[in-house]
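A.B. asks: The following file, data_31.txt, comprises compact mmCIF, N, CA and C atoms and all ligand atoms:
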```txt
# COMPACT_ATOMS: atom_id res chain seq x y z
N MET A 1 0.85 -1.17 0.00
CA MET A 1 0.00 0.00 0.00
C MET A 1 0.89 1.24 0.00
N LYS A 2 0.61 2.16 -0.86
CA LYS A 2 1.42 3.37 -1.01
C LYS A 2 0.86 4.48 -0.13
N LYS A 3 1.78 5.11 0.66
CA LYS A 3 1.34 6.24 1.50
C LYS A 3 1.24 7.49 0.64
N SER A 4 0.25 8.22 0.87
CA SER A 4 0.14 9.49 0.13
C SER A 4 0.66 10.64 0.96
N SER A 5 1.50 11.43 0.38
CA SER A 5 1.98 12.62 1.10
C SER A 5 1.18 13.81 0.64
N LYS A 6 0.68 14.51 1.60
CA LYS A 6 -0.16 15.65 1.30
C LYS A 6 0.68 16.91 1.34
N VAL A 7 0.70 17.64 0.27
CA VAL A 7 1.45 18.89 0.19
C VAL A 7 0.48 20.05 0.34
N ILE A 8 0.78 20.88 1.32
CA ILE A 8 -0.09 22.04 1.54
C ILE A 8 0.46 23.20 0.73
N PRO A 9 -0.28 23.70 -0.17
CA PRO A 9 0.21 24.82 -0.99
C PRO A 9 0.33 26.10 -0.16
N VAL A 10 1.44 26.82 -0.34
CA VAL A 10 1.66 28.10 0.34
C VAL A 10 1.77 29.15 -0.75
N ASP A 11 0.89 30.14 -0.69
CA ASP A 11 0.95 31.15 -1.73
C ASP A 11 2.19 32.03 -1.53
N SER A 12 2.62 32.69 -2.58
CA SER A 12 3.88 33.44 -2.54
C SER A 12 3.84 34.61 -1.55
N GLY A 13 2.68 35.24 -1.37
CA GLY A 13 2.57 36.34 -0.40
C GLY A 13 2.81 35.84 1.02
N ARG A 14 2.20 34.71 1.33
CA ARG A 14 2.38 34.14 2.67
C ARG A 14 3.84 33.70 2.86
N ARG A 15 4.45 33.13 1.81
CA ARG A 15 5.83 32.69 1.89
C ARG A 15 6.76 33.88 2.18
N ARG A 16 6.52 34.98 1.47
CA ARG A 16 7.34 36.20 1.69
C ARG A 16 7.18 36.71 3.12
N MET A 17 5.92 36.69 3.63
CA MET A 17 5.68 37.16 4.99
C MET A 17 6.43 36.28 6.01
N LEU A 18 6.36 34.95 5.80
CA LEU A 18 7.04 34.04 6.72
C LEU A 18 8.55 34.23 6.67
N LEU A 19 9.09 34.40 5.48
CA LEU A 19 10.54 34.62 5.36
C LEU A 19 10.94 35.95 6.00
N GLY A 20 10.13 36.99 5.81
CA GLY A 20 10.41 38.30 6.42
C GLY A 20 10.39 38.22 7.93
N THR A 21 9.40 37.50 8.48
CA THR A 21 9.31 37.34 9.94
C THR A 21 10.53 36.59 10.46
N ALA A 22 10.91 35.52 9.77
CA ALA A 22 12.08 34.74 10.19
C ALA A 22 13.34 35.60 10.16
N ALA A 23 13.50 36.41 9.12
CA ALA A 23 14.68 37.27 9.01
C ALA A 23 14.69 38.30 10.14
N THR A 24 13.53 38.86 10.47
CA THR A 24 13.44 39.85 11.55
C THR A 24 13.81 39.21 12.89
N LEU A 25 13.24 38.03 13.15
CA LEU A 25 13.54 37.35 14.42
C LEU A 25 15.01 36.98 14.52
N ALA A 26 15.61 36.59 13.39
CA ALA A 26 17.02 36.20 13.40
C ALA A 26 17.92 37.41 13.66
N SER A 27 17.47 38.62 13.32
CA SER A 27 18.31 39.80 13.48
C SER A 27 18.27 40.36 14.90
N VAL A 28 17.28 39.98 15.74
CA VAL A 28 17.15 40.53 17.08
C VAL A 28 18.39 40.29 17.94
N PRO A 29 18.91 39.06 18.03
CA PRO A 29 20.13 38.87 18.84
C PRO A 29 21.30 39.71 18.36
N LEU A 30 21.43 39.89 17.04
CA LEU A 30 22.53 40.69 16.51
C LEU A 30 22.38 42.15 16.93
N VAL A 31 21.15 42.68 16.89
CA VAL A 31 20.92 44.06 17.32
C VAL A 31 21.25 44.21 18.79
N ASN A 32 20.81 43.24 19.61
CA ASN A 32 21.11 43.29 21.05
C ASN A 32 22.61 43.26 21.29
N LEU A 33 23.32 42.46 20.52
CA LEU A 33 24.78 42.37 20.66
C LEU A 33 25.43 43.70 20.32
N LEU A 34 24.96 44.35 19.25
CA LEU A 34 25.52 45.64 18.86
C LEU A 34 25.25 46.71 19.91
N ILE A 35 24.03 46.71 20.48
CA ILE A 35 23.71 47.68 21.53
C ILE A 35 24.59 47.43 22.75
N SER A 36 24.74 46.17 23.12
CA SER A 36 25.57 45.82 24.27
C SER A 36 27.02 46.24 24.04
N ALA A 37 27.54 45.99 22.83
CA ALA A 37 28.93 46.35 22.52
C ALA A 37 29.12 47.86 22.59
N ARG A 38 28.11 48.62 22.12
CA ARG A 38 28.19 50.08 22.18
C ARG A 38 28.23 50.55 23.64
N ALA A 39 27.38 49.93 24.47
CA ALA A 39 27.37 50.31 25.88
C ALA A 39 28.71 49.99 26.52
N GLU A 40 29.29 48.84 26.16
CA GLU A 40 30.58 48.46 26.72
C GLU A 40 31.67 49.41 26.26
N ALA A 41 31.48 50.04 25.12
CA ALA A 41 32.51 50.91 24.56
C ALA A 41 32.63 52.24 25.26
N GLY A 42 31.76 52.55 26.17
CA GLY A 42 31.93 53.77 26.93
C GLY A 42 30.88 54.83 26.72
N ASP A 43 29.73 54.47 26.17
CA ASP A 43 28.66 55.43 25.99
C ASP A 43 27.83 55.63 27.25
N LEU A 44 28.11 54.87 28.28
CA LEU A 44 27.33 54.97 29.51
C LEU A 44 27.80 56.16 30.34
N PRO A 45 26.90 56.72 31.17
CA PRO A 45 27.32 57.83 32.03
C PRO A 45 28.26 57.37 33.13
N HIS A 46 29.07 58.28 33.61
CA HIS A 46 29.99 57.97 34.71
C HIS A 46 29.23 57.97 36.04
N LEU A 47 29.58 57.04 36.89
CA LEU A 47 29.00 57.00 38.23
C LEU A 47 29.59 58.13 39.04
N THR A 48 28.75 58.83 39.78
CA THR A 48 29.24 59.91 40.64
C THR A 48 28.98 59.54 42.10
N PRO A 49 29.79 60.05 43.00
CA PRO A 49 29.63 59.69 44.42
C PRO A 49 28.29 60.12 45.01
N ASP A 50 27.58 61.06 44.34
CA ASP A 50 26.27 61.49 44.90
C ASP A 50 25.11 60.61 44.44
N ASP A 51 25.37 59.61 43.60
CA ASP A 51 24.36 58.62 43.23
C ASP A 51 23.94 57.88 44.51
N PRO A 52 22.62 57.68 44.75
CA PRO A 52 22.19 57.05 46.01
C PRO A 52 22.85 55.70 46.30
N THR A 53 22.97 54.85 45.29
CA THR A 53 23.61 53.54 45.53
C THR A 53 25.11 53.73 45.78
N ALA A 54 25.73 54.65 45.05
CA ALA A 54 27.15 54.93 45.26
C ALA A 54 27.39 55.43 46.69
N LYS A 55 26.48 56.31 47.14
CA LYS A 55 26.61 56.81 48.53
C LYS A 55 26.51 55.67 49.53
N ALA A 56 25.53 54.80 49.31
CA ALA A 56 25.31 53.68 50.25
C ALA A 56 26.53 52.76 50.30
N LEU A 57 27.23 52.64 49.17
CA LEU A 57 28.40 51.74 49.12
C LEU A 57 29.71 52.51 49.24
N HIS A 58 29.64 53.79 49.63
CA HIS A 58 30.84 54.62 49.86
C HIS A 58 31.75 54.68 48.65
N TYR A 59 31.13 54.75 47.45
CA TYR A 59 31.93 54.81 46.22
C TYR A 59 32.62 56.16 46.09
N HIS A 60 33.86 56.13 45.65
CA HIS A 60 34.62 57.33 45.32
C HIS A 60 35.35 57.08 44.00
N ASN A 61 35.41 58.13 43.15
CA ASN A 61 36.16 58.01 41.90
C ASN A 61 37.65 57.86 42.17
N ASP A 62 38.10 58.40 43.29
CA ASP A 62 39.50 58.30 43.70
C ASP A 62 39.55 57.44 44.96
N ALA A 63 40.07 56.23 44.84
CA ALA A 63 40.07 55.29 45.95
C ALA A 63 40.77 55.83 47.19
N SER A 64 41.73 56.73 47.00
CA SER A 64 42.46 57.24 48.17
C SER A 64 41.55 58.07 49.08
N GLU A 65 40.39 58.51 48.55
CA GLU A 65 39.43 59.28 49.35
C GLU A 65 38.38 58.38 50.00
N ALA A 66 38.40 57.09 49.66
CA ALA A 66 37.38 56.16 50.15
C ALA A 66 37.81 55.52 51.48
N PRO A 67 36.83 55.09 52.28
CA PRO A 67 37.15 54.48 53.58
C PRO A 67 37.57 53.01 53.44
N ARG A 68 38.67 52.79 52.74
CA ARG A 68 39.14 51.42 52.51
C ARG A 68 39.70 50.81 53.80
N ALA A 69 39.58 49.52 53.91
CA ALA A 69 40.15 48.77 55.05
C ALA A 69 40.77 47.51 54.48
N ASP A 70 41.78 47.01 55.16
CA ASP A 70 42.43 45.78 54.72
C ASP A 70 41.40 44.66 54.57
N LYS A 71 41.51 43.90 53.50
CA LYS A 71 40.64 42.73 53.29
C LYS A 71 41.55 41.54 53.02
N PRO A 72 41.04 40.32 53.19
CA PRO A 72 41.87 39.13 52.96
C PRO A 72 42.53 39.17 51.58
N GLY A 73 43.83 39.08 51.58
CA GLY A 73 44.58 39.02 50.33
C GLY A 73 44.94 40.35 49.73
N MET A 74 44.52 41.48 50.33
CA MET A 74 44.83 42.78 49.73
C MET A 74 44.77 43.88 50.78
N PRO A 75 45.89 44.56 51.00
CA PRO A 75 45.85 45.70 51.91
C PRO A 75 44.99 46.83 51.32
N ALA A 76 44.46 47.67 52.18
CA ALA A 76 43.54 48.73 51.76
C ALA A 76 44.10 49.59 50.65
N LYS A 77 45.36 49.99 50.78
CA LYS A 77 45.92 50.94 49.82
C LYS A 77 46.10 50.35 48.42
N GLU A 78 45.94 49.06 48.27
CA GLU A 78 46.07 48.41 46.95
C GLU A 78 44.73 48.03 46.33
N GLN A 79 43.62 48.44 46.97
CA GLN A 79 42.28 48.10 46.46
C GLN A 79 41.77 49.20 45.54
N PHE A 80 41.47 48.82 44.31
CA PHE A 80 40.93 49.74 43.31
C PHE A 80 39.88 48.99 42.48
N CYS A 81 39.04 49.76 41.78
CA CYS A 81 38.08 49.11 40.88
C CYS A 81 38.79 48.23 39.85
N HIS A 82 39.96 48.66 39.38
CA HIS A 82 40.62 47.89 38.33
C HIS A 82 41.09 46.51 38.78
N ASN A 83 41.16 46.25 40.08
CA ASN A 83 41.53 44.90 40.53
C ASN A 83 40.42 44.26 41.36
N CYS A 84 39.19 44.72 41.11
CA CYS A 84 38.01 44.16 41.79
C CYS A 84 37.37 43.10 40.89
N ARG A 85 36.82 42.08 41.49
CA ARG A 85 36.22 41.00 40.69
C ARG A 85 34.96 41.44 39.95
N PHE A 86 34.35 42.57 40.33
CA PHE A 86 33.10 43.00 39.70
C PHE A 86 33.31 43.92 38.49
N ILE A 87 34.55 44.31 38.21
CA ILE A 87 34.80 45.15 37.03
C ILE A 87 34.60 44.27 35.79
N LYS A 88 34.06 44.88 34.71
CA LYS A 88 33.72 44.06 33.55
C LYS A 88 34.63 44.29 32.35
N SER A 89 35.69 45.04 32.51
CA SER A 89 36.59 45.29 31.39
C SER A 89 38.01 45.42 31.93
N GLN A 90 38.98 45.11 31.10
CA GLN A 90 40.37 45.17 31.52
C GLN A 90 41.08 46.42 31.01
N SER A 91 40.37 47.32 30.36
CA SER A 91 41.03 48.52 29.85
C SER A 91 40.09 49.73 29.95
N GLY A 92 40.71 50.90 29.95
CA GLY A 92 39.95 52.15 29.99
C GLY A 92 39.94 52.77 31.37
N ASP A 93 39.88 54.11 31.40
CA ASP A 93 39.81 54.83 32.67
C ASP A 93 38.45 54.63 33.34
N TRP A 94 37.39 54.49 32.50
CA TRP A 94 36.03 54.28 33.00
C TRP A 94 35.52 52.97 32.44
N ARG A 95 35.00 52.10 33.34
CA ARG A 95 34.63 50.74 32.94
C ARG A 95 33.29 50.33 33.56
N PRO A 96 32.60 49.39 32.88
CA PRO A 96 31.35 48.86 33.46
C PRO A 96 31.65 48.03 34.71
N CYS A 97 30.70 48.04 35.63
CA CYS A 97 30.83 47.27 36.88
C CYS A 97 29.51 46.53 37.10
N GLN A 98 29.61 45.29 37.55
CA GLN A 98 28.40 44.49 37.77
C GLN A 98 27.52 45.06 38.86
N ILE A 99 28.08 45.80 39.79
CA ILE A 99 27.30 46.32 40.91
C ILE A 99 26.52 47.58 40.52
N PHE A 100 27.01 48.30 39.51
CA PHE A 100 26.36 49.54 39.08
C PHE A 100 25.99 49.43 37.60
N PRO A 101 24.97 48.64 37.25
CA PRO A 101 24.60 48.48 35.85
C PRO A 101 24.15 49.80 35.23
N GLY A 102 24.56 50.02 33.99
CA GLY A 102 24.17 51.24 33.28
C GLY A 102 25.05 52.42 33.55
N LYS A 103 26.11 52.26 34.35
CA LYS A 103 27.05 53.34 34.66
C LYS A 103 28.47 52.81 34.51
N LEU A 104 29.40 53.74 34.36
CA LEU A 104 30.82 53.38 34.32
C LEU A 104 31.47 53.84 35.60
N VAL A 105 32.36 53.03 36.15
CA VAL A 105 33.10 53.41 37.36
C VAL A 105 34.53 53.73 36.98
N ASN A 106 35.18 54.53 37.79
CA ASN A 106 36.57 54.89 37.52
C ASN A 106 37.49 53.72 37.87
N ALA A 107 38.43 53.41 37.00
CA ALA A 107 39.35 52.29 37.24
C ALA A 107 40.11 52.47 38.54
N ASN A 108 40.32 53.73 38.96
CA ASN A 108 41.04 54.00 40.21
C ASN A 108 40.09 54.32 41.35
N GLY A 109 38.80 53.97 41.17
CA GLY A 109 37.82 54.19 42.22
C GLY A 109 37.76 53.02 43.19
N TRP A 110 36.73 53.07 44.04
CA TRP A 110 36.56 52.01 45.04
C TRP A 110 35.16 52.14 45.65
N CYS A 111 34.58 51.01 46.04
CA CYS A 111 33.36 51.01 46.87
C CYS A 111 33.47 49.86 47.85
N SER A 112 32.54 49.86 48.82
CA SER A 112 32.64 48.86 49.90
C SER A 112 32.34 47.44 49.44
N SER A 113 31.89 47.26 48.20
CA SER A 113 31.70 45.91 47.66
C SER A 113 32.98 45.33 47.08
N TRP A 114 34.06 46.09 47.16
CA TRP A 114 35.32 45.63 46.56
C TRP A 114 35.64 44.21 47.03
N THR A 115 35.96 43.35 46.06
CA THR A 115 36.37 41.97 46.33
C THR A 115 37.52 41.66 45.39
N LYS A 116 38.54 41.04 45.91
CA LYS A 116 39.72 40.74 45.10
C LYS A 116 39.36 39.89 43.89
N ALA A 117 39.84 40.34 42.72
CA ALA A 117 39.64 39.55 41.50
C ALA A 117 40.42 38.26 41.60
N SER A 118 39.85 37.18 41.10
CA SER A 118 40.56 35.89 41.20
C SER A 118 41.50 35.70 40.03
S1 LIG A 201 32.17 46.71 42.98
FE1 LIG A 201 34.35 46.81 42.58
S2 LIG A 201 34.52 47.63 40.50
FE2 LIG A 201 32.45 48.06 41.20
S3 LIG A 201 32.55 50.12 42.09
FE3 LIG A 201 32.88 48.67 43.75
S4 LIG A 201 35.12 48.43 43.89
FE4 LIG A 201 34.66 49.37 41.90
```
Represent the structure from my file as structure tokens, please.
C.D. replies:
Amino acid sequence: MKKSSKVIPVDSGRRRMLLGTAATLASVPLVNLLISARAEAGDLPHLTPDDPTAKALHYHNDASEAPRADKPGMPAKEQFCHNCRFIKSQSGDWRPCQIFPGKLVNANGWCSSWTKAS
């Protein structure tokens, strides 16, 4: 006994719409990646010490002005944003930080969340 395969006809207008939708959906991750890369490149505003969260965490753009204290593995005077585990970039004077999303922190800054990078 021969199986019959049923072919559902798709008109060309519907085919174009489906292909257009697929192309649009496929481009969304790429757009998100480009926006993210732009934000990482330094288009974000700088964090200032008068920001409410920065105040709560005693953030200073200049670590020497911050109330640093010795922590395991690092004396106070050697603690900076650039050697904190929460910094998200290895270059630049101003860098993204996981604790302050949407803002850039100074590489020579400090806040009370400072934790030695591993
Ligand atoms: S969490 Fe680390 S990198 Fe972020 S502001 Fe505080 S000390 Fe700087």
A.B. asks: Can you pull out every residue with an atom within 9 Å of ligand LIG 201 (chain A)? Use only C-alpha atoms and all ligand atoms and format it as a PyMOL selection string.
C.D. replies: chain A and resi 47+54+57-61+63+79-88+95-100+104-116
A.B. asks: Between A:Asp11, A:Ala69, A:Ala117, A:Lys103, which is the closest to Gln90 of chain A once you count only C-alpha atoms?
C.D. replies: A:Ala117
A.B. asks: Could you check how far atom N of Ser118 of chain A sits from atom CA of Pro101 of chain A, in Å to one decimal?
C.D. replies: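 Atom-to-atom, atom N of Ser118 of chain A to atom CA of Pro101 of chain A, that is 19.7 Å.
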A.B. asks: In Å, how far is it from atom CA of Pro45 of chain A to atom C of Gly102 of chain A?
C.D. replies: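 It comes out at 6.1 Å.
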A.B. asks: DSSP on the backbone: which residues in segment 24-118 of chain A end up as strand (DSSP E or B)? Give the answer as a list in words.
C.D. replies: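 Assigned to strand (DSSP E or B), within segment 24-118 of chain A: His46, His60, Lys71, Met74, Cys84, Ile87, Trp94, Arg95, Pro96, Cys97, Leu104, Val105, Asn106, Trp110 and Lys116 of chain A.
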A.B. asks: When you draw a straight line from atom N of Asp93 of chain A to atom N of Arg68 of chain A, how long is it in Å?
C.D. replies: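 Spanning atom N of Asp93 of chain A to atom N of Arg68 of chain A is a straight-line distance of 21.4 Å.
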A.B. asks: Give me the box for segment 109-116 of chain A as lines of an AutoDock Vina configuration file, namely the centre and edge lengths in Å to one decimal of a box along x, y and z that holds every listed atom plus 3 Å on each side.
C.D. replies:
```
center_x = 35.7
center_y = 47.0
center_z = 45.5
size_x = 14.0
size_y = 20.3
size_z = 14.7
```
